[in-house]
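Q: Have a look at this one before I ask anything.
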Amino acid sequence: MTTQMKEKRDSAPTAPTPIVQLEGVEQHFGPVHALGPVDLTIGRGEFVSIVGPSGCGKSTLLEIIGALQDPARGSVEVDGAPLTGPRRRTAIVFQESATLPWRTVVDNVAFALEVRGIGRKERRERARELVELVGLGGFENHYPAQLSGGMRQRVAMARAMSTDPDLILADEPFGALDEQTRMLMAEELLRVVERIGCGVLFITHSIQESVLLSDRVLVMGRRPGTFIDEVPIDLPRPRMHAALSEPSATAAQERIWAQIRAEAEVAMVATRSTP
Amino acid sequence: MSARRAGGPAWIPPLVLAAAIVAVWTVTAALADSAVYPGPGQALESLRADIGDTRFMGSVADTARVLLLSYAAAIGVGAITGMLLGLSAFWSRAALPVVYALNSVPKIVLYPIFLLFLGIGDLSRGSFAFVSGVLPMFLIMVEATAGVSRLHLKMSASLGMSRWSLLRRIVVPSVLPSLASGMRLCFGLTLIGLLLAEMFSGSSGLGYELLRNLSLARVENIIGQVILIGVLALVPTLALQQLELRIRNRYEVTA
Ligand SMILES: Nc1ncnc2c1ncn2[C@@H]1O[C@H](COP(=O)(O)OP(=O)(O)O)[C@@H](O)[C@H]1O
Ligand SMILES: [Mg+2]
């Protein structure tokens, strides 16, 4: 009898807690209302992109979820618990210049592990595997200055992977790279993220990139940024660049562009009329 | 040959230039044939005589000893206090204008104050040399620390690094290039401070020797000693330059 009940409860479809859950989050810098209010839910293993005009509060939102700044209002829950400070399993991928120029590739990748007190031998072993995983085998002992921008960003990606994250926050990580490198890096990121199955919040100004990578694209309006549209992307995975030419992908790109264009036009007029 | 091996071909142009200067000096001195304009031969001859003199060598040793102490103190104190202040945005904003103003006062006008409080001797001379070096070192380090990449700081914050870990793993490596150029710059400033102090209140030291020869109108000795000071200053300066080059190659952000 009791076992029967237990079985029943176990098989009931309980939705797992989302990895990120925001409600009514706002940010103000003095008189500047920079963000929100926004609600946002990211499921476990879900890939969510945010696109929007520059200055609308995308980085602010990402930093709030990464506990780099506290919101003025609203509640932030990550992995079912209110955020109190930087989380061990949240990894942030910044722009390429976040690599440390005085450390070799291996020591850059091992940095997060070093900070967490993992012994030298163990962390280097782990770092070497990750360097291999992101396709930098043979460059272990190079310095960032000896690498291209795309390679430096692979280093940053490997560093983010090193701490076994369940959530990756990426703020225009490929923004400084050229078009071809971006595409390659985007595919690379997909491959790596699918392998470890973590949730991702990805900020980009490339509509193509957002469609290629995401399960869902959120479009943010001009400052103070709120979400003005949510576009599900139903492309099969694993995805490659060719998926972008499928009808549902082009439709999604056009829908996102229409929203952004409207926002950008209003923003341009607004900037022109303010002295 | 050995110079080439130590410094590489970069040393050749300055050597050629130095040789040219000596050549011009030799020729013009021979042409002028004047008692107040000795040639290199006479200058080196009197320098050799000076070096044979134990009293003079005592002066050289005094200068070297005080220089070493005041330089080490200026670097250590300037670097550490500068870095600590640079870490606090508030205190940097409060202190920087004051220190910049202080640093722009020609230091020599402060020297009587040193004499008044510390008396004539190694202490006042060394302290004056120390102050000449420590202010620029401090300023360089405050600026360098305040200029640590914001992106690196954010990255560290996202890893929940402790303050000590941040200092050791991010701040110190970031400011090393500035530390190295500060060390090179402040060596010259400390030396100038010390020589000036010795000229005004010395009973020993190279600055004192220079002025003594002036009152004795021994021009060839003065020029010989100037050469000696030049050489004594050049060796550490070149070594510090090499150090700076190496540190910059390794630590500087090259975007
Ligand atoms: N620390 C800050 N102090 C004052 N204003 C800020 C600060 N950070 C961001 N802002 C402002 O908030 C707005 C949103 O910034 P941000 O989140 O960086 O935009 P985005 O990443 O979308 O380009 C901008 O107008 C920006 O100028
Ligand atoms: Mg941004």
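Letters A, B, ... mark the chains of the structure tokens in the order given; residue numbers begin at 1 per chain; ligand numbers begin at 1, in order shown.
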Using only C-alpha atoms, find each residue of chain B with at least one atom at most 8 Å away from an atom of chain A; report its shortest atom-to-atom pair and that distance in Å (one decimal), sort the rows by chain and rising residue number, and return the result as CSV.
A:
```
residue,atom,partner,partner_atom,distance
B:Leu151,CA,A:Ala98,CA,5.8
B:His152,CA,A:Ala98,CA,5.6
B:Lys154,CA,A:Leu68,CA,7.3
B:Met155,CA,A:Ala98,CA,7.0
B:Ala157,CA,A:Leu68,CA,6.8
B:Ser158,CA,A:Pro86,CA,5.6
B:Leu159,CA,A:Pro86,CA,6.6
B:Gly160,CA,A:Pro86,CA,5.6
B:Met161,CA,A:Val115,CA,6.6
B:Ser165,CA,A:Val115,CA,7.5
B:Pro173,CA,A:Trp102,CA,7.2
B:Arg250,CA,A:Trp102,CA,5.8
B:Tyr251,CA,A:Trp102,CA,4.6
B:Glu252,CA,A:Pro101,CA,6.8
B:Val253,CA,A:Pro101,CA,5.7
B:Thr254,CA,A:Ala145,CA,6.0
B:Ala255,CA,A:Ala145,CA,7.1
```
Q: With only C-alpha atoms and all ligand atoms counted, collect every polymer residue having an atom within 7 Å of ligand 2; state the result as a ChimeraX atom specification.
A: /A:54-55,58-59,171
Q: Take the selection from the previous step and output its residues with N, CA and C atoms, as a short mmCIF file (atom, residue, chain, number, x, y, z; two decimals), in the first residue's frame.
A:
```
data_model
loop_
_atom_site.label_atom_id
_atom_site.label_comp_id
_atom_site.auth_asym_id
_atom_site.auth_seq_id
_atom_site.Cartn_x
_atom_site.Cartn_y
_atom_site.Cartn_z
N SER A 54 21.31 48.76 -27.97
CA SER A 54 22.35 48.93 -26.97
C SER A 54 21.89 49.95 -25.93
N GLY A 55 22.30 49.71 -24.70
CA GLY A 55 21.92 50.60 -23.61
C GLY A 55 20.57 50.29 -23.01
N LYS A 58 20.67 45.08 -21.01
CA LYS A 58 20.95 43.65 -21.13
C LYS A 58 22.09 43.23 -20.18
N SER A 59 23.18 44.00 -20.22
CA SER A 59 24.31 43.65 -19.35
C SER A 59 23.91 43.78 -17.89
N ASP A 171 27.81 37.52 -22.06
CA ASP A 171 27.46 38.88 -22.45
C ASP A 171 28.20 39.27 -23.72
#
```
Q: Kindly assemble as JSON lines a list of the chain A residues that lie within 8 Å of ligand 1, each paired with its nearest atom pair and their distance in Å to one decimal, using only C-alpha atoms and all ligand atoms, sorted first by chain and then by ascending residue number.
A:
```
{"residue": "A:His28", "atom": "CA", "partner": "ligand 1", "partner_atom_place_in_ligand_line": "12 (O)", "distance": 7.7}
{"residue": "A:Phe29", "atom": "CA", "partner": "ligand 1", "partner_atom_place_in_ligand_line": "4 (C)", "distance": 4.8}
{"residue": "A:Gly30", "atom": "CA", "partner": "ligand 1", "partner_atom_place_in_ligand_line": "4 (C)", "distance": 7.2}
{"residue": "A:Val32", "atom": "CA", "partner": "ligand 1", "partner_atom_place_in_ligand_line": "5 (N)", "distance": 6.6}
{"residue": "A:His33", "atom": "CA", "partner": "ligand 1", "partner_atom_place_in_ligand_line": "12 (O)", "distance": 7.3}
{"residue": "A:Ala34", "atom": "CA", "partner": "ligand 1", "partner_atom_place_in_ligand_line": "12 (O)", "distance": 4.3}
{"residue": "A:Leu35", "atom": "CA", "partner": "ligand 1", "partner_atom_place_in_ligand_line": "14 (C)", "distance": 6.7}
{"residue": "A:Gly52", "atom": "CA", "partner": "ligand 1", "partner_atom_place_in_ligand_line": "22 (O)", "distance": 6.7}
{"residue": "A:Pro53", "atom": "CA", "partner": "ligand 1", "partner_atom_place_in_ligand_line": "22 (O)", "distance": 6.4}
{"residue": "A:Ser54", "atom": "CA", "partner": "ligand 1", "partner_atom_place_in_ligand_line": "23 (O)", "distance": 3.7}
{"residue": "A:Gly55", "atom": "CA", "partner": "ligand 1", "partner_atom_place_in_ligand_line": "23 (O)", "distance": 3.4}
{"residue": "A:Cys56", "atom": "CA", "partner": "ligand 1", "partner_atom_place_in_ligand_line": "22 (O)", "distance": 4.0}
{"residue": "A:Gly57", "atom": "CA", "partner": "ligand 1", "partner_atom_place_in_ligand_line": "17 (O)", "distance": 3.1}
{"residue": "A:Lys58", "atom": "CA", "partner": "ligand 1", "partner_atom_place_in_ligand_line": "22 (O)", "distance": 3.7}
{"residue": "A:Ser59", "atom": "CA", "partner": "ligand 1", "partner_atom_place_in_ligand_line": "21 (O)", "distance": 3.6}
{"residue": "A:Thr60", "atom": "CA", "partner": "ligand 1", "partner_atom_place_in_ligand_line": "17 (O)", "distance": 3.7}
{"residue": "A:Leu61", "atom": "CA", "partner": "ligand 1", "partner_atom_place_in_ligand_line": "17 (O)", "distance": 6.5}
{"residue": "A:Leu62", "atom": "CA", "partner": "ligand 1", "partner_atom_place_in_ligand_line": "17 (O)", "distance": 8.0}
{"residue": "A:Asp171", "atom": "CA", "partner": "ligand 1", "partner_atom_place_in_ligand_line": "21 (O)", "distance": 7.9}
{"residue": "A:Arg223", "atom": "CA", "partner": "ligand 1", "partner_atom_place_in_ligand_line": "13 (C)", "distance": 6.7}
{"residue": "A:Pro224", "atom": "CA", "partner": "ligand 1", "partner_atom_place_in_ligand_line": "13 (C)", "distance": 7.4}
{"residue": "A:Gly225", "atom": "CA", "partner": "ligand 1", "partner_atom_place_in_ligand_line": "22 (O)", "distance": 7.8}
```
Q: Which of range 78-265 of chain A counts as helix (DSSP H, G or I) under DSSP, as a PyMOL selection string please?
A: chain A and resi 96-98+105-109+111-115+120-133+144-146+149-161+179-196+207-213+241-245+247-265
Q: Do you know which residues are at most 10 Å from Gly121 in chain B counting only C-alpha atoms, after dropping those on the same chain fewer than 2 positions away, and could you put them as a list in words?
A: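 Result of the neighbour search: Leu115, Leu118, Gly119, Leu123, Ser124, Arg125, Gly126, Ala197, Glu198, Ser201, Gly202, Ser203 and Ser204 of chain B.
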Q: Please produce a file of the residues just selected, as a PDB file, in the first residue's frame, where the atoms kept are all heavy atoms.
A:
```pdb
ATOM      1  N   LEU B 115      66.672  69.640   6.971  1.00  0.00           N
ATOM      2  CA  LEU B 115      67.852  69.986   7.761  1.00  0.00           C
ATOM      3  C   LEU B 115      67.438  70.405   9.166  1.00  0.00           C
ATOM      4  O   LEU B 115      68.046  69.997  10.160  1.00  0.00           O
ATOM      5  CB  LEU B 115      68.616  71.124   7.088  1.00  0.00           C
ATOM      6  CG  LEU B 115      69.417  70.700   5.856  1.00  0.00           C
ATOM      7  CD1 LEU B 115      70.104  71.920   5.247  1.00  0.00           C
ATOM      8  CD2 LEU B 115      70.441  69.646   6.226  1.00  0.00           C
ATOM      9  N   LEU B 118      66.083  67.085  10.943  1.00  0.00           N
ATOM     10  CA  LEU B 118      66.911  65.880  11.012  1.00  0.00           C
ATOM     11  C   LEU B 118      68.388  66.198  11.156  1.00  0.00           C
ATOM     12  O   LEU B 118      69.197  65.297  11.331  1.00  0.00           O
ATOM     13  CB  LEU B 118      66.687  65.024   9.757  1.00  0.00           C
ATOM     14  CG  LEU B 118      65.219  64.588   9.555  1.00  0.00           C
ATOM     15  CD1 LEU B 118      65.052  63.900   8.209  1.00  0.00           C
ATOM     16  CD2 LEU B 118      64.771  63.671  10.674  1.00  0.00           C
ATOM     17  N   GLY B 119      68.749  67.487  11.068  1.00  0.00           N
ATOM     18  CA  GLY B 119      70.144  67.862  11.224  1.00  0.00           C
ATOM     19  C   GLY B 119      70.945  67.498   9.989  1.00  0.00           C
ATOM     20  O   GLY B 119      70.454  66.856   9.068  1.00  0.00           O
ATOM     21  N   LEU B 123      71.031  61.007   7.715  1.00  0.00           N
ATOM     22  CA  LEU B 123      69.588  60.879   7.912  1.00  0.00           C
ATOM     23  C   LEU B 123      68.828  61.900   7.078  1.00  0.00           C
ATOM     24  O   LEU B 123      67.881  61.562   6.375  1.00  0.00           O
ATOM     25  CB  LEU B 123      69.254  61.025   9.396  1.00  0.00           C
ATOM     26  CG  LEU B 123      67.811  60.693   9.760  1.00  0.00           C
ATOM     27  CD1 LEU B 123      67.476  59.265   9.371  1.00  0.00           C
ATOM     28  CD2 LEU B 123      67.561  60.925  11.245  1.00  0.00           C
ATOM     29  N   SER B 124      69.264  63.177   7.149  1.00  0.00           N
ATOM     30  CA  SER B 124      68.536  64.187   6.381  1.00  0.00           C
ATOM     31  C   SER B 124      68.771  64.011   4.891  1.00  0.00           C
ATOM     32  O   SER B 124      67.852  64.159   4.087  1.00  0.00           O
ATOM     33  CB  SER B 124      68.948  65.600   6.827  1.00  0.00           C
ATOM     34  OG  SER B 124      70.310  65.823   6.550  1.00  0.00           O
ATOM     35  N   ARG B 125      69.988  63.668   4.509  1.00  0.00           N
ATOM     36  CA  ARG B 125      70.273  63.463   3.070  1.00  0.00           C
ATOM     37  C   ARG B 125      69.471  62.281   2.532  1.00  0.00           C
ATOM     38  O   ARG B 125      68.837  62.365   1.477  1.00  0.00           O
ATOM     39  CB  ARG B 125      71.763  63.224   2.850  1.00  0.00           C
ATOM     40  CG  ARG B 125      72.607  64.458   3.067  1.00  0.00           C
ATOM     41  CD  ARG B 125      74.024  64.245   2.565  1.00  0.00           C
ATOM     42  NE  ARG B 125      74.792  63.352   3.419  1.00  0.00           N
ATOM     43  CZ  ARG B 125      75.572  63.762   4.398  1.00  0.00           C
ATOM     44  NH1 ARG B 125      75.706  65.046   4.661  1.00  0.00           N
ATOM     45  NH2 ARG B 125      76.238  62.904   5.134  1.00  0.00           N
ATOM     46  N   GLY B 126      69.510  61.181   3.281  1.00  0.00           N
ATOM     47  CA  GLY B 126      68.786  59.985   2.846  1.00  0.00           C
ATOM     48  C   GLY B 126      67.290  60.233   2.805  1.00  0.00           C
ATOM     49  O   GLY B 126      66.605  59.800   1.873  1.00  0.00           O
ATOM     50  N   ALA B 197      71.305  67.002  -2.074  1.00  0.00           N
ATOM     51  CA  ALA B 197      71.438  67.105  -0.624  1.00  0.00           C
ATOM     52  C   ALA B 197      72.906  67.111  -0.224  1.00  0.00           C
ATOM     53  O   ALA B 197      73.319  67.874   0.653  1.00  0.00           O
ATOM     54  CB  ALA B 197      70.705  65.944   0.043  1.00  0.00           C
ATOM     55  N   GLU B 198      73.695  66.311  -0.891  1.00  0.00           N
ATOM     56  CA  GLU B 198      75.123  66.264  -0.558  1.00  0.00           C
ATOM     57  C   GLU B 198      75.816  67.571  -0.919  1.00  0.00           C
ATOM     58  O   GLU B 198      76.718  68.029  -0.220  1.00  0.00           O
ATOM     59  CB  GLU B 198      75.795  65.110  -1.309  1.00  0.00           C
ATOM     60  CG  GLU B 198      75.431  63.751  -0.731  1.00  0.00           C
ATOM     61  CD  GLU B 198      76.007  62.605  -1.564  1.00  0.00           C
ATOM     62  OE1 GLU B 198      76.433  62.838  -2.707  1.00  0.00           O
ATOM     63  OE2 GLU B 198      76.021  61.478  -1.054  1.00  0.00           O
ATOM     64  N   SER B 201      74.709  70.100   1.968  1.00  0.00           N
ATOM     65  CA  SER B 201      74.998  69.883   3.384  1.00  0.00           C
ATOM     66  C   SER B 201      75.914  68.705   3.610  1.00  0.00           C
ATOM     67  O   SER B 201      75.840  68.055   4.625  1.00  0.00           O
ATOM     68  CB  SER B 201      73.698  69.637   4.133  1.00  0.00           C
ATOM     69  OG  SER B 201      73.241  68.339   3.825  1.00  0.00           O
ATOM     70  N   GLY B 202      76.770  68.429   2.627  1.00  0.00           N
ATOM     71  CA  GLY B 202      77.568  67.226   2.790  1.00  0.00           C
ATOM     72  C   GLY B 202      78.876  67.482   3.505  1.00  0.00           C
ATOM     73  O   GLY B 202      79.402  68.592   3.533  1.00  0.00           O
ATOM     74  N   SER B 203      79.387  66.421   4.101  1.00  0.00           N
ATOM     75  CA  SER B 203      80.773  66.437   4.541  1.00  0.00           C
ATOM     76  C   SER B 203      81.460  65.283   3.851  1.00  0.00           C
ATOM     77  O   SER B 203      82.614  64.975   4.075  1.00  0.00           O
ATOM     78  CB  SER B 203      80.847  66.283   6.055  1.00  0.00           C
ATOM     79  OG  SER B 203      80.042  65.196   6.442  1.00  0.00           O
ATOM     80  N   SER B 204      80.698  64.618   3.021  1.00  0.00           N
ATOM     81  CA  SER B 204      81.170  63.453   2.294  1.00  0.00           C
ATOM     82  C   SER B 204      80.168  63.197   1.183  1.00  0.00           C
ATOM     83  O   SER B 204      79.122  63.839   1.121  1.00  0.00           O
ATOM     84  CB  SER B 204      81.242  62.270   3.273  1.00  0.00           C
ATOM     85  OG  SER B 204      81.318  61.064   2.559  1.00  0.00           O
TER      86      SER B 204
END
```
Q: Near Glu172 in chain A, within 8 Å and counting only C-alpha atoms, which residues show up once chain neighbours fewer than 2 positions away are dropped, as number ranges by chain?
A: A: 94-95, 170, 174-175, 202-205
Q: For all heavy atoms, I'd like the residues from the last selection saved as a PDB file, in the first residue's frame.
A:
```pdb
ATOM      1  N   PHE A  94      32.815  36.501 -20.438  1.00  0.00           N
ATOM      2  CA  PHE A  94      32.883  37.913 -20.807  1.00  0.00           C
ATOM      3  C   PHE A  94      33.461  38.028 -22.211  1.00  0.00           C
ATOM      4  O   PHE A  94      33.656  37.024 -22.904  1.00  0.00           O
ATOM      5  CB  PHE A  94      33.772  38.666 -19.818  1.00  0.00           C
ATOM      6  CG  PHE A  94      33.249  38.647 -18.415  1.00  0.00           C
ATOM      7  CD1 PHE A  94      33.670  37.686 -17.519  1.00  0.00           C
ATOM      8  CD2 PHE A  94      32.341  39.595 -17.988  1.00  0.00           C
ATOM      9  CE1 PHE A  94      33.202  37.667 -16.220  1.00  0.00           C
ATOM     10  CE2 PHE A  94      31.870  39.585 -16.695  1.00  0.00           C
ATOM     11  CZ  PHE A  94      32.299  38.624 -15.810  1.00  0.00           C
ATOM     12  N   GLN A  95      33.774  39.265 -22.604  1.00  0.00           N
ATOM     13  CA  GLN A  95      34.447  39.439 -23.883  1.00  0.00           C
ATOM     14  C   GLN A  95      35.823  38.796 -23.820  1.00  0.00           C
ATOM     15  O   GLN A  95      36.329  38.512 -22.754  1.00  0.00           O
ATOM     16  CB  GLN A  95      34.618  40.921 -24.188  1.00  0.00           C
ATOM     17  CG  GLN A  95      33.322  41.630 -24.454  1.00  0.00           C
ATOM     18  CD  GLN A  95      33.480  43.113 -24.230  1.00  0.00           C
ATOM     19  OE1 GLN A  95      34.585  43.629 -24.220  1.00  0.00           O
ATOM     20  NE2 GLN A  95      32.372  43.783 -24.044  1.00  0.00           N
ATOM     21  N   ALA A 170      26.453  34.648 -20.726  1.00  0.00           N
ATOM     22  CA  ALA A 170      27.413  35.144 -21.709  1.00  0.00           C
ATOM     23  C   ALA A 170      26.954  36.505 -22.214  1.00  0.00           C
ATOM     24  O   ALA A 170      25.849  36.645 -22.721  1.00  0.00           O
ATOM     25  CB  ALA A 170      27.535  34.151 -22.864  1.00  0.00           C
ATOM     26  N   PHE A 174      30.984  37.082 -28.361  1.00  0.00           N
ATOM     27  CA  PHE A 174      31.672  37.065 -29.652  1.00  0.00           C
ATOM     28  C   PHE A 174      31.623  38.430 -30.317  1.00  0.00           C
ATOM     29  O   PHE A 174      31.921  38.561 -31.501  1.00  0.00           O
ATOM     30  CB  PHE A 174      31.035  36.007 -30.574  1.00  0.00           C
ATOM     31  CG  PHE A 174      30.906  34.658 -29.933  1.00  0.00           C
ATOM     32  CD1 PHE A 174      29.809  33.841 -30.185  1.00  0.00           C
ATOM     33  CD2 PHE A 174      31.882  34.189 -29.059  1.00  0.00           C
ATOM     34  CE1 PHE A 174      29.695  32.595 -29.595  1.00  0.00           C
ATOM     35  CE2 PHE A 174      31.771  32.946 -28.451  1.00  0.00           C
ATOM     36  CZ  PHE A 174      30.675  32.144 -28.716  1.00  0.00           C
ATOM     37  N   GLY A 175      31.239  39.446 -29.544  1.00  0.00           N
ATOM     38  CA  GLY A 175      31.032  40.779 -30.107  1.00  0.00           C
ATOM     39  C   GLY A 175      32.252  41.364 -30.778  1.00  0.00           C
ATOM     40  O   GLY A 175      32.125  42.153 -31.704  1.00  0.00           O
ATOM     41  N   PHE A 202      22.230  34.089 -23.027  1.00  0.00           N
ATOM     42  CA  PHE A 202      23.191  34.556 -24.022  1.00  0.00           C
ATOM     43  C   PHE A 202      22.740  35.907 -24.551  1.00  0.00           C
ATOM     44  O   PHE A 202      21.640  36.040 -25.088  1.00  0.00           O
ATOM     45  CB  PHE A 202      23.231  33.519 -25.149  1.00  0.00           C
ATOM     46  CG  PHE A 202      24.294  33.748 -26.180  1.00  0.00           C
ATOM     47  CD1 PHE A 202      25.567  33.251 -25.988  1.00  0.00           C
ATOM     48  CD2 PHE A 202      24.012  34.435 -27.353  1.00  0.00           C
ATOM     49  CE1 PHE A 202      26.554  33.436 -26.951  1.00  0.00           C
ATOM     50  CE2 PHE A 202      24.998  34.628 -28.314  1.00  0.00           C
ATOM     51  CZ  PHE A 202      26.268  34.120 -28.110  1.00  0.00           C
ATOM     52  N   ILE A 203      23.584  36.905 -24.375  1.00  0.00           N
ATOM     53  CA  ILE A 203      23.258  38.232 -24.887  1.00  0.00           C
ATOM     54  C   ILE A 203      24.032  38.470 -26.165  1.00  0.00           C
ATOM     55  O   ILE A 203      25.224  38.191 -26.231  1.00  0.00           O
ATOM     56  CB  ILE A 203      23.593  39.310 -23.847  1.00  0.00           C
ATOM     57  CG1 ILE A 203      22.655  39.164 -22.666  1.00  0.00           C
ATOM     58  CG2 ILE A 203      23.467  40.702 -24.461  1.00  0.00           C
ATOM     59  CD1 ILE A 203      22.989  40.072 -21.527  1.00  0.00           C
ATOM     60  N   THR A 204      23.346  38.949 -27.180  1.00  0.00           N
ATOM     61  CA  THR A 204      24.029  39.158 -28.459  1.00  0.00           C
ATOM     62  C   THR A 204      23.350  40.303 -29.185  1.00  0.00           C
ATOM     63  O   THR A 204      22.212  40.656 -28.881  1.00  0.00           O
ATOM     64  CB  THR A 204      23.981  37.891 -29.326  1.00  0.00           C
ATOM     65  OG1 THR A 204      24.591  38.164 -30.584  1.00  0.00           O
ATOM     66  CG2 THR A 204      22.555  37.411 -29.552  1.00  0.00           C
ATOM     67  N   HIS A 205      24.056  40.927 -30.108  1.00  0.00           N
ATOM     68  CA  HIS A 205      23.359  41.875 -30.977  1.00  0.00           C
ATOM     69  C   HIS A 205      23.166  41.280 -32.363  1.00  0.00           C
ATOM     70  O   HIS A 205      22.704  41.947 -33.280  1.00  0.00           O
ATOM     71  CB  HIS A 205      24.070  43.235 -31.020  1.00  0.00           C
ATOM     72  CG  HIS A 205      25.504  43.152 -31.403  1.00  0.00           C
ATOM     73  ND1 HIS A 205      26.524  43.378 -30.514  1.00  0.00           N
ATOM     74  CD2 HIS A 205      26.083  42.832 -32.562  1.00  0.00           C
ATOM     75  CE1 HIS A 205      27.678  43.229 -31.126  1.00  0.00           C
ATOM     76  NE2 HIS A 205      27.449  42.881 -32.367  1.00  0.00           N
TER      77      HIS A 205
END
```
Q: Using only C-alpha atoms for the distances, tell me which of A:Val266, A:Ala242, A:Ile256, A:Ala110 is nearest to Glu230 in chain A.
A: A:Ile256
Q: Point out the residue among B:Leu232, B:Leu85, B:Val219, B:Ala144 with the least atom-to-atom distance to Pro40 in chain B, counting only C-alpha atoms.
A: B:Val219
